[in-house]
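A.B. asks: Quick one: structure below, then a few questions.
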Amino acid sequence: MKASQIDDIKGRIKSGLTEASIADGGWNEEEIAEYIDMSLINFPVYIPVKTKAYIKKCIINEILGYDVISELLEDDDITDIMVNGKSDIFYEKKGVIYRYCREFSSISNLFNIIQHIVAGHNRIVNESEPIVDVRLNDGSRVNIVLPPVALNGPVITIRKFPKNDFTLERLIEIGSITYEAADFLKKLVAAKYNIFISGGTGTGKTTFLNALSNYIPSGERIVTIEDSAELRIQGIDNIVRLETRNANFEGSNEISMRALIKSSLRMRPDRIIVGEVRGEETLDMLQAMNTGHDGSISTGHANSPADMLARLETLILMTGNMPLVAIRRQIGSAIDILIHLGRMKDGGRRVLDISEVMYDDGIALNGLFEYDDAKGLVRTANDMRNRSKLERYG
């Protein structure tokens with residue numbers, strides 16, 4: 001059947017479904033599916049069996065799911081979905097970006113999907129609040145930007161996470177890290193070194209943090225703090241998960257990262273895991289690392305380890321007129337290990353650098369592992385200087 005015929009059948013069934021459902025006080029998913037089946041059986045034009053299945057799936061996705069991007073969300077090999085208005089949809093699969101062959105039927109339909117996404121997640125998006133970050137039920141990260149900020153129509157960017165969590169063993173298999181480096185990091189996590197993970201957008205910082213968290217001793221109490229809850233900490237029973245809250249229409253009732261970090265200190269945590277620092281909460285996170293919460297982990301955006309340290313300085317300066325010497329001392333004493341991730345030309349994510357952070361009349365990086373294009377991630381000749389925690393924990 002032609003695409004125009006299929007669209008006509010879909011439109012007629014959806015119209016009848018809407019009227020019948022409203023008249024009967026609203027239907028559940030089972031009743032909707034039953035109505036579609038009966039409508040397809042009794043349709044006055046012959047419809048092939050495969051086409052019937054396709055039409056039913058499309059209608060259910062439009063009403064209960066995410067319309068044309070539902071198929072992309074169901075594909076486990078797709079890592080990113082990018083909707084640039086009604087007609088321009090792209091996705092990334094195995095490191096390569098492709099243009100999607102389908103598009104939304106109308107702008108209003110796209111708006112309906114956006115409201116479906118944000119519903120129930122304590123978030124609001126409209127013309128006065130055109131930017132929002134939420135997550136889907138499967139943990140996928142969603143960023144939405146609406147007009148007038150987005151000039152080419154509503155923009156949706158979805159970062160999907162693997163259904164099966166990556167472990168360090170799996171990261172070794174796919175070449176993201178070597179066995180030697182992974183074994184080294186396992187010991188650092190168990191010995192409660194404070195670790196910071198840096199990298200650009202899409203380099204796998206959250207995935208790597210989740211993998212490291214598998215080696216936190218199961219008897220500890222963990223508090224996680226995020227803008228939008230994405231972390232999936234495994235093997236820890238005593239865990240508290242905190243998420244920020246945006247201000248309401250009156251501009252009040254906002255719960256910031258900074259407020260959550262301060263509150264977490266009174267929750268008796270062994271470790272605090274902050275999903276990502278990007279503002280004034282940076283100082284609070286570093287102070288938490290410096291006040292008895294060894295083994296804490298966080299992430300941040302930067303292009304290199306040195307850039308990450310410089311960015312941390314800038315973020316702390318946002319909190320007030322604090323001397324640069326004091327800021328650097330705070331960073332140097334709080335963070336023990338800095339891990340930098342990068343994205344390669346083939347789309348693969350790699351650990352590019354593992355360095356020890358030290359303070360001695362200024363911040364210094366002691367490179368322990370470095371990435372070599374020919375050899376991969378290799379151990380440097382530098383010895384680790386701060387071995388006190390390793391010795392303390394045997």
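Going through the structure tokens in order, the chains are called A, B, and so on, while each chain numbers its residues from 1 and the ligands are numbered from 1 in the order shown.
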How would you write, as a PyMOL selection string, the set of residues in range 177-284 of chain A that DSSP gives as helix (DSSP H, G or I)?
C.D. replies: chain A and resi 179-190+205-213+257-264+281-284
A.B. asks: Contacts of Lys187 in chain A at 12 Å or less, counting only C-alpha atoms, minus same-chain residues fewer than 4 places along, as a list in words?
C.D. replies: Glu180, Ala181, Ala182, Asp183, Ala191, Lys192, Tyr193, Leu212, Ser213, Asn214, Tyr215, Ile216, Pro217, Gly295, Arg387, Lys389, Leu390, Glu391, Arg392, Tyr393 and Gly394 of chain A
A.B. asks: Once DSSP has gone over the backbone, tell me which residues of range 49-273 of chain A are in strand (DSSP E or B), as a PyMOL selection string.
C.D. replies: chain A and resi 78-84+88-93+96-99+131-135+141-145+155-159+195-199+222-226+239-243+245+255+271-273
A.B. asks: Restricting it to C-alpha atoms, dump the selection as an mmCIF file, in the first residue's frame.
C.D. replies:
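Contents of out.cif, as written:
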data_model
loop_
_atom_site.group_PDB
_atom_site.id
_atom_site.type_symbol
_atom_site.label_atom_id
_atom_site.label_comp_id
_atom_site.auth_asym_id
_atom_site.auth_seq_id
_atom_site.Cartn_x
_atom_site.Cartn_y
_atom_site.Cartn_z
ATOM 1 C CA ILE A 78 21.347 3.598 19.130
ATOM 2 C CA THR A 79 23.024 5.847 21.703
ATOM 3 C CA ASP A 80 21.747 9.329 20.774
ATOM 4 C CA ILE A 81 18.555 10.674 19.200
ATOM 5 C CA MET A 82 18.414 14.265 17.899
ATOM 6 C CA VAL A 83 15.129 15.901 16.871
ATOM 7 C CA ASN A 84 15.631 19.303 15.201
ATOM 8 C CA ASP A 88 14.835 16.727 10.815
ATOM 9 C CA ILE A 89 15.540 13.666 12.967
ATOM 10 C CA PHE A 90 19.011 12.159 13.412
ATOM 11 C CA TYR A 91 20.429 9.300 15.470
ATOM 12 C CA GLU A 92 23.831 7.928 16.380
ATOM 13 C CA LYS A 93 24.488 4.229 15.999
ATOM 14 C CA VAL A 96 28.082 7.151 13.285
ATOM 15 C CA ILE A 97 25.292 9.740 12.876
ATOM 16 C CA TYR A 98 22.474 8.956 10.413
ATOM 17 C CA ARG A 99 19.422 10.874 9.223
ATOM 18 C CA ILE A 131 14.539 24.662 28.392
ATOM 19 C CA VAL A 132 14.202 21.519 30.487
ATOM 20 C CA ASP A 133 16.220 18.404 31.373
ATOM 21 C CA VAL A 134 14.348 15.222 32.267
ATOM 22 C CA ARG A 135 14.799 11.473 31.990
ATOM 23 C CA ARG A 141 18.658 11.582 29.504
ATOM 24 C CA VAL A 142 16.457 14.108 27.662
ATOM 25 C CA ASN A 143 17.127 17.779 26.916
ATOM 26 C CA ILE A 144 14.287 19.832 25.414
ATOM 27 C CA VAL A 145 14.502 23.358 23.979
ATOM 28 C CA VAL A 155 14.475 20.395 19.753
ATOM 29 C CA ILE A 156 14.759 17.091 21.624
ATOM 30 C CA THR A 157 18.118 15.477 22.390
ATOM 31 C CA ILE A 158 18.051 12.032 23.988
ATOM 32 C CA ARG A 159 21.105 10.278 25.390
ATOM 33 C CA ILE A 195 38.093 10.489 42.127
ATOM 34 C CA PHE A 196 37.060 13.038 39.525
ATOM 35 C CA ILE A 197 36.132 12.003 35.965
ATOM 36 C CA SER A 198 36.472 14.564 33.169
ATOM 37 C CA GLY A 199 35.767 14.541 29.448
ATOM 38 C CA ILE A 222 26.122 6.212 49.636
ATOM 39 C CA VAL A 223 24.345 9.470 48.758
ATOM 40 C CA THR A 224 24.022 10.371 45.065
ATOM 41 C CA ILE A 225 23.169 13.918 43.963
ATOM 42 C CA GLU A 226 22.144 14.802 40.402
ATOM 43 C CA ILE A 239 21.821 4.266 49.187
ATOM 44 C CA VAL A 240 20.059 7.648 49.113
ATOM 45 C CA ARG A 241 19.297 9.187 45.707
ATOM 46 C CA LEU A 242 18.699 12.944 45.558
ATOM 47 C CA GLU A 243 17.580 15.032 42.576
ATOM 48 C CA ARG A 245 13.997 20.583 41.675
ATOM 49 C CA ILE A 255 16.086 22.833 45.371
ATOM 50 C CA ARG A 271 30.706 8.572 50.225
ATOM 51 C CA ILE A 272 28.972 11.295 48.223
ATOM 52 C CA ILE A 273 28.608 10.869 44.467
#
A.B. asks: Please provide the set of residues having any atom within 10 Å of Leu171 in chain A, restricted to only C-alpha atoms, with same-chain residues fewer than 3 positions apart removed, written as a PyMOL selection string.
C.D. replies: chain A and resi 166-168+174-179+182+207-208+211+349-351
A.B. asks: Choose the residue, out of A:Gly139, A:Asn112, A:Ile335, A:Lys94, that has the smallest atom-to-atom separation from Gly347 in chain A; count only C-alpha atoms.
C.D. replies: A:Lys94
A.B. asks: Extract, using only C-alpha atoms, all DNA, RNA and protein residues at most 12 Å from Val45 in chain A, discarding same-chain residues fewer than 6 positions from it, and format them as a list in words.
C.D. replies: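 Contacts, with the query itself left out: Met1, Gln5, Ile6, Asp8, Ile9, Ser39 and Lys52 of chain A.
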A.B. asks: For the residues in the current selection, export N, CA, C and O atoms as a JSON list (two decimals), in the first residue's frame.
C.D. replies:
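Once written, selection-v1.json looks like this:
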[["chain", "number", "residue", "atom", "x", "y", "z"],
["A", 1, "MET", "N", 0.84, -1.20, 0.00],
["A", 1, "MET", "CA", 0.00, 0.00, 0.00],
["A", 1, "MET", "C", 0.87, 1.25, 0.00],
["A", 1, "MET", "O", 1.98, 1.24, 0.53],
["A", 5, "GLN", "N", -2.06, 6.15, 1.53],
["A", 5, "GLN", "CA", -3.18, 5.31, 1.93],
["A", 5, "GLN", "C", -3.06, 4.90, 3.40],
["A", 5, "GLN", "O", -4.05, 4.92, 4.15],
["A", 6, "ILE", "N", -1.84, 4.54, 3.80],
["A", 6, "ILE", "CA", -1.60, 4.15, 5.19],
["A", 6, "ILE", "C", -1.90, 5.32, 6.12],
["A", 6, "ILE", "O", -2.54, 5.15, 7.17],
["A", 8, "ASP", "N", -3.93, 7.75, 5.60],
["A", 8, "ASP", "CA", -5.38, 7.97, 5.62],
["A", 8, "ASP", "C", -6.06, 6.98, 6.57],
["A", 8, "ASP", "O", -6.94, 7.36, 7.36],
["A", 9, "ILE", "N", -5.64, 5.71, 6.51],
["A", 9, "ILE", "CA", -6.22, 4.68, 7.39],
["A", 9, "ILE", "C", -5.91, 5.02, 8.85],
["A", 9, "ILE", "O", -6.79, 4.94, 9.72],
["A", 39, "SER", "N", -11.04, -2.25, 14.26],
["A", 39, "SER", "CA", -11.14, -1.28, 13.16],
["A", 39, "SER", "C", -10.40, -1.76, 11.92],
["A", 39, "SER", "O", -10.89, -1.61, 10.79],
["A", 52, "LYS", "N", -1.23, -4.13, 8.60],
["A", 52, "LYS", "CA", -2.07, -3.97, 9.78],
["A", 52, "LYS", "C", -1.23, -3.85, 11.05],
["A", 52, "LYS", "O", -1.48, -2.99, 11.90]]
A.B. asks: Could you check which of A:Gly342, A:Leu352, A:Gly85, A:Ile32 is closest to Lys375 in chain A, using only C-alpha atoms?
C.D. replies: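 Counting only C-alpha atoms, the residue closest to Lys375 in chain A is A:Leu352.
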A.B. asks: If we count only C-alpha atoms, what is near Leu17 in chain A at a cut-off of 12 Å, once residues fewer than 6 positions away on the same chain are taken out, given as a list in words?
C.D. replies: Lys10, Gly11, Ala23, Asp24, Gly26, Trp27, Asn28, Glu29, Glu31, Ile32, Ala33, Glu34, Tyr35, Ile36, Asp37, Met38, Ser39, Leu40, Lys56, Ile59, Ile60 and Ile63 of chain A
A.B. asks: Need to verify the contact set: Gly300 in chain A, 10 Å, only C-alpha atoms, exclusion of same-chain residues closer than 2 positions in sequence. Can you return it as a list in words?
C.D. replies: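 Contacts, with the query itself left out: Phe196, Ile197, Ser198, Gly199, Gly200, Thr201, Lys205, Thr206, Val274, Gly275, Glu276, Val277, Arg278, Thr282, Ser298, Ala302, Met308, Leu309, Arg311, Leu312 and His340 of chain A.
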A.B. asks: Which residues, written as a list in words, have at least one atom at most 12 Å from Leu324 in chain A, with only C-alpha atoms counted and residues fewer than 6 positions away on the same chain left out?
C.D. replies: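 Non-adjacent residues within range: Ala310, Leu312, Glu313, Thr314, Leu315, Ile316, Leu317, Met318, Gln330, Ile331, Asp361, Gly362 and Ile363 of chain A.
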A.B. asks: State, in Å with one decimal place, the distance from CA of Ser304 in chain A to CA of Leu260 in chain A.
C.D. replies: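 Interatomic distance here is 28.2 Å.
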A.B. asks: So, counting only C-alpha atoms, which residue among A:Glu230, A:Glu62, A:Asp353, A:Asp138 is closest to Ala306 in chain A?
C.D. replies: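 Among the listed residues, the smallest separation from Ala306 in chain A belongs to A:Asp353.
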A.B. asks: Grab the CA of Arg232 in chain A to CA of Asn137 in chain A distance for me, in Å with one decimal place.
C.D. replies: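 Calculated distance between CA of Arg232 in chain A and CA of Asn137 in chain A is 12.8 Å.
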A.B. asks: Which distance in Å separates CA of Leu72 in chain A and CA of Arg123 in chain A, to one decimal?
C.D. replies: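 CA of Arg123 in chain A lies 23.7 Å from CA of Leu72 in chain A.
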A.B. asks: My list of candidates is A:Leu209, A:Cys101, A:Ile172, A:Leu73. Which is closest to Leu136 in chain A when distances are computed with only C-alpha atoms?
C.D. replies: A:Leu73
A.B. asks: A:Glu281, A:Asp294, A:Glu169, A:Asp372: which is nearest Glu220 in chain A, counting only C-alpha atoms?
C.D. replies: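 Closest to Glu220 in chain A of all the choices is A:Asp294.
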